[in-house]
Amino acid sequence: EKIRAAVEGDGRTVFSFEYFPPKTEEGVENLFERMDRMVAHNPAFCDITWGAGGSTADLTLEIANRMQNMICVETMMHLTCTNMPVEKIDHALDTIKTNGIQNVLALRGDPPHGQDKFVQVAGGFACALDLVQHIRSKYGDYFGITVAGYPEAHPDMIQGEGGATLEAYSNDLAYLKRKVDAGADFIITQLFYDTDIFLKFVNDCRQIGITCPIVPGIMPINNYKGFLRMTGFCKTRIPPEITAALEPIKENEEAVKAYGIHLGTEMCKKILAHGIKTLHLYTLNMEKSALAILMNLGLIEESKISRSLPWRRPTNVFRA
Ligand code: FAD
C-alpha cells in the first residue's frame, strides 16, 4: 500500500521509524528483532536507507523485502542516484515492485566517498528531480514517492558560517517545489535542532504553494560525538541552549541520552502544538530513545514496551 494516506492521516498523530543496513549479519538479525518490537507500536511506516554511494544496494533490497513481507510493516525504501545508471535504478525499482513494496524515498545521494561534488554517473541522473520524473514516467502511479526537504537549505547551498543566504534558501525551496510538482507525495525533512527553523520552513513552503504533508525528521541525540559529527556534516544550527546543556554532561553517555530524550520530547511537543500530525524518527537502529520520546508524548503505551528491553528490565527482581 502507499503510505501517503497514513501520513495525511485522519487527524490522529502518526509516527514512523527509519533504519539503516547494519554492517554484519548478526547486526541485521538484531535489527529485525528490534524492528519487530518497535513495529508492535503501530508506526505508519518504516523505512530503510540506501547506503552512501550505493554501497548497500543488495542488502537494502533484501531488508526492505523482509520488512514488508515478514515484519509486515508498510515499507519505504530509500534510493539514490549516486553511482546508479538507469538500469540499476530500474533493477532496484523492479525488485521492490515484485516484492509488493510501493514506497520510495527518491534522493540524489551524496558524492561518492572522497569526492566533494556530486557528479552524475554515465547513463544516470543528476538530481532527485530527475529520479522522481523517471519513476513517474516509467512506473506511473504504482509508487508513492517521498522527497527530502532541508529546513536550513541543502548543505551544498551553504557557504561558510551563518547558514544559507536568503537567495540560496529561496532557490532550494523553489527546487523542492519542482520535486513535489513532478509527482512526490510528501516531504521528509533533514534533521534539525531548532524547531522554529522547521516551523518557518513549513510556512515558507506553504507560501510558495507546496501543499503536501511535510514530515519533520527527528534525530534523538544519543551520543555527543555522533551529534557533533552529524550536525557538522549537515551544517545544522545548534541553538545555544542545547550547547550549554550538553557541554557539562558530554562525557556522561547516560546523561546525554537522557537529555536527548528530553529535548526530542520538547521539540515534538512544540511541533504537534502547531498542528503537525506526523513525526519521523531517525532511530539510528536504536529503540530506546525513539520509544521513550513517543511514550512521553502519549503516542505509545508504556505497557506495550517489551519487558525484554535492557532499560526496562527490573534488575532488582532478577537479583532476588
Ligand atoms: P536533490 O533534491 O537533488 O538536491 C540536491 C541539491 O542540489 C539541493 O541543494 C538542490 O537545491 C540542488 N539542485 C539539484 N538540482 C537542481 C536544479 N535542477 N536546480 C536547482 N537546484 C538544484 N543519502 C543516502 O546516500 N542514502 C539515504 O538513504 C539517504 N536518506 C536520506 C533521507 C532524508 C530524509 C534526507 C533529508 C537525506 C537523506 N540522504 C540519504 C542524504 C541525501 O542523499 C543528501 O542530502 C544529498 O546530498 C541530496 O539529496 P537530495 O535528494 O536532497 O538531492
# chains A, B, ... in the order shown; residues from 1 in each chain; ligands from 1
>>> residues_around(residues="range 253-265 of chain A", least_positions_apart="5", cutoff="6 Å", atoms="only C-alpha atoms", output="compact mmCIF listing (two decimals) with N, CA and C atoms, in the first residue's frame")
# COMPACT_ATOMS: atom_id res chain seq x y z
N PRO A 220 16.97 11.84 17.73
CA PRO A 220 17.30 12.00 19.15
C PRO A 220 18.82 11.97 19.35
N ILE A 221 19.31 12.84 20.21
CA ILE A 221 20.75 12.84 20.49
C ILE A 221 21.04 11.64 21.38
N ASN A 222 21.92 10.75 20.89
CA ASN A 222 22.24 9.53 21.62
C ASN A 222 23.64 9.57 22.20
N SER A 289 15.59 5.55 22.70
CA SER A 289 15.26 6.98 22.68
C SER A 289 13.98 7.25 21.90
N ILE A 293 10.62 8.82 23.67
CA ILE A 293 10.01 10.09 23.24
C ILE A 293 8.52 9.89 22.94
>>> select_by_dssp(residues="range 174-284 of chain A", states="strand (DSSP E or B)", output="PyMOL selection string")
chain A and resi 186-189+214-215+217-218+278-282
>>> residues_around(residues="Lys200 in chain A", least_positions_apart="6", cutoff="10 Å", atoms="only C-alpha atoms", output="PDB file with C-alpha atoms, in the first residue's frame")
ATOM      1  CA  PRO A 151      14.698  23.422   6.598  1.00  0.00           C
ATOM      2  CA  GLU A 152      18.110  25.153   6.637  1.00  0.00           C
ATOM      3  CA  ARG A 206       3.071  26.844   2.069  1.00  0.00           C
TER       4      ARG A 206
END
>>> residues_around(residues="Thr283 in chain A", least_positions_apart="3", cutoff="9 Å", atoms="only C-alpha atoms", output="list in words")
Phe17, Glu18, Tyr19, Phe20, Ile218, Met219, Pro220, Met286, Glu287, Lys288, Ser289 and Ala290 of chain A
>>> closest_atom_pairs(of="chain A", to="ligand 1", cutoff="7 Å", atoms="only C-alpha atoms and all ligand atoms", output="Markdown table")
| residue | atom | partner | partner_atom_place_in_ligand_line | distance |
| --- | --- | --- | --- | --- |
| A:Ile48 | CA | ligand 1 | 28 (O) | 6.9 |
| A:Thr49 | CA | ligand 1 | 28 (O) | 3.4 |
| A:Trp50 | CA | ligand 1 | 28 (O) | 3.9 |
| A:Gly51 | CA | ligand 1 | 26 (N) | 5.1 |
| A:Ala52 | CA | ligand 1 | 25 (O) | 3.8 |
| A:Gly53 | CA | ligand 1 | 25 (O) | 6.0 |
| A:His78 | CA | ligand 1 | 28 (O) | 4.7 |
| A:Leu79 | CA | ligand 1 | 28 (O) | 6.3 |
| A:Thr80 | CA | ligand 1 | 25 (O) | 6.0 |
| A:Ala106 | CA | ligand 1 | 51 (O) | 6.2 |
| A:Leu107 | CA | ligand 1 | 51 (O) | 3.1 |
| A:Arg108 | CA | ligand 1 | 51 (O) | 3.9 |
| A:Gly109 | CA | ligand 1 | 43 (O) | 3.0 |
| A:Asp110 | CA | ligand 1 | 47 (O) | 4.1 |
| A:Ala126 | CA | ligand 1 | 15 (N) | 6.9 |
| A:Cys127 | CA | ligand 1 | 3 (O) | 3.5 |
| A:Ala128 | CA | ligand 1 | 3 (O) | 3.8 |
| A:Leu129 | CA | ligand 1 | 3 (O) | 5.9 |
| A:Val147 | CA | ligand 1 | 51 (O) | 6.4 |
| A:Ala148 | CA | ligand 1 | 36 (C) | 4.4 |
| A:Gly149 | CA | ligand 1 | 36 (C) | 5.8 |
| A:Tyr150 | CA | ligand 1 | 36 (C) | 6.5 |
| A:Ala153 | CA | ligand 1 | 9 (O) | 6.7 |
| A:His154 | CA | ligand 1 | 9 (O) | 4.4 |
| A:Pro155 | CA | ligand 1 | 9 (O) | 6.8 |
| A:Asp156 | CA | ligand 1 | 9 (O) | 5.4 |
| A:Met157 | CA | ligand 1 | 9 (O) | 5.4 |
| A:Asn171 | CA | ligand 1 | 11 (O) | 6.3 |
| A:Asp172 | CA | ligand 1 | 11 (O) | 4.0 |
| A:Tyr175 | CA | ligand 1 | 20 (C) | 5.4 |
| A:Leu176 | CA | ligand 1 | 2 (O) | 6.7 |
| A:Ile188 | CA | ligand 1 | 34 (C) | 4.9 |
| A:Thr189 | CA | ligand 1 | 36 (C) | 5.1 |
| A:Gln190 | CA | ligand 1 | 36 (C) | 3.7 |
| A:Gly217 | CA | ligand 1 | 34 (C) | 6.7 |
>>> closest_residue(among="A:Lys270, A:Asp90, A:Asp116, A:Leu105", to="Tyr139 in chain A", atoms="only C-alpha atoms")
A:Asp90
>>> residues_around(residues="Cys268 in chain A", least_positions_apart="5", cutoff="10 Å", atoms="only C-alpha atoms", output="PyMOL selection string")
chain A and resi 195+216+218+263+273-274+276-279+293-294+296-297
>>> residues_around(residues="Asn83 in chain A", least_positions_apart="5", cutoff="8 Å", atoms="only C-alpha atoms", output="list in words")
Gly53, Gly54, Pro112, Gln120, Val121 and Gly124 of chain A
>>> select_by_dssp(residues="range 155-233 of chain A", states="alpha helix (DSSP H)", output="number ranges by chain")
A: 166-181, 195-207, 224-233
>>> closest_residue(among="A:Glu167, A:Gly183, A:Ala5, A:Gly160", to="Ile135 in chain A", atoms="only C-alpha atoms")
A:Gly183
>>> atom_distance(atom1="CA of Thr165 in chain A", atom2="CA of Asp130 in chain A")
25.4 Å
>>> closest_residue(among="A:Cys205, A:Ile158, A:Leu281, A:Leu246", to="Phe233 in chain A", atoms="only C-alpha atoms")
A:Ile158
>>> residues_around(residues="Thr75 in chain A", least_positions_apart="5", cutoff="6 Å", atoms="only C-alpha atoms", output="mmCIF file with C-alpha atoms, in the first residue's frame")
data_model
loop_
_atom_site.group_PDB
_atom_site.id
_atom_site.type_symbol
_atom_site.label_atom_id
_atom_site.label_comp_id
_atom_site.auth_asym_id
_atom_site.auth_seq_id
_atom_site.Cartn_x
_atom_site.Cartn_y
_atom_site.Cartn_z
ATOM 1 C CA PHE A 45 5.533 3.043 8.060
ATOM 2 C CA CYS A 46 9.206 2.151 8.434
ATOM 3 C CA ASP A 47 11.995 2.971 6.013
ATOM 4 C CA GLN A 68 7.385 -5.569 4.025
#
>>> atom_distance(atom1="CA of Gly163 in chain A", atom2="CA of Leu131 in chain A")
27.4 Å
>>> closest_residue(among="A:Ala244, A:Ala92, A:Ile249, A:Val7", to="Asp58 in chain A", atoms="only C-alpha atoms")
A:Ala92
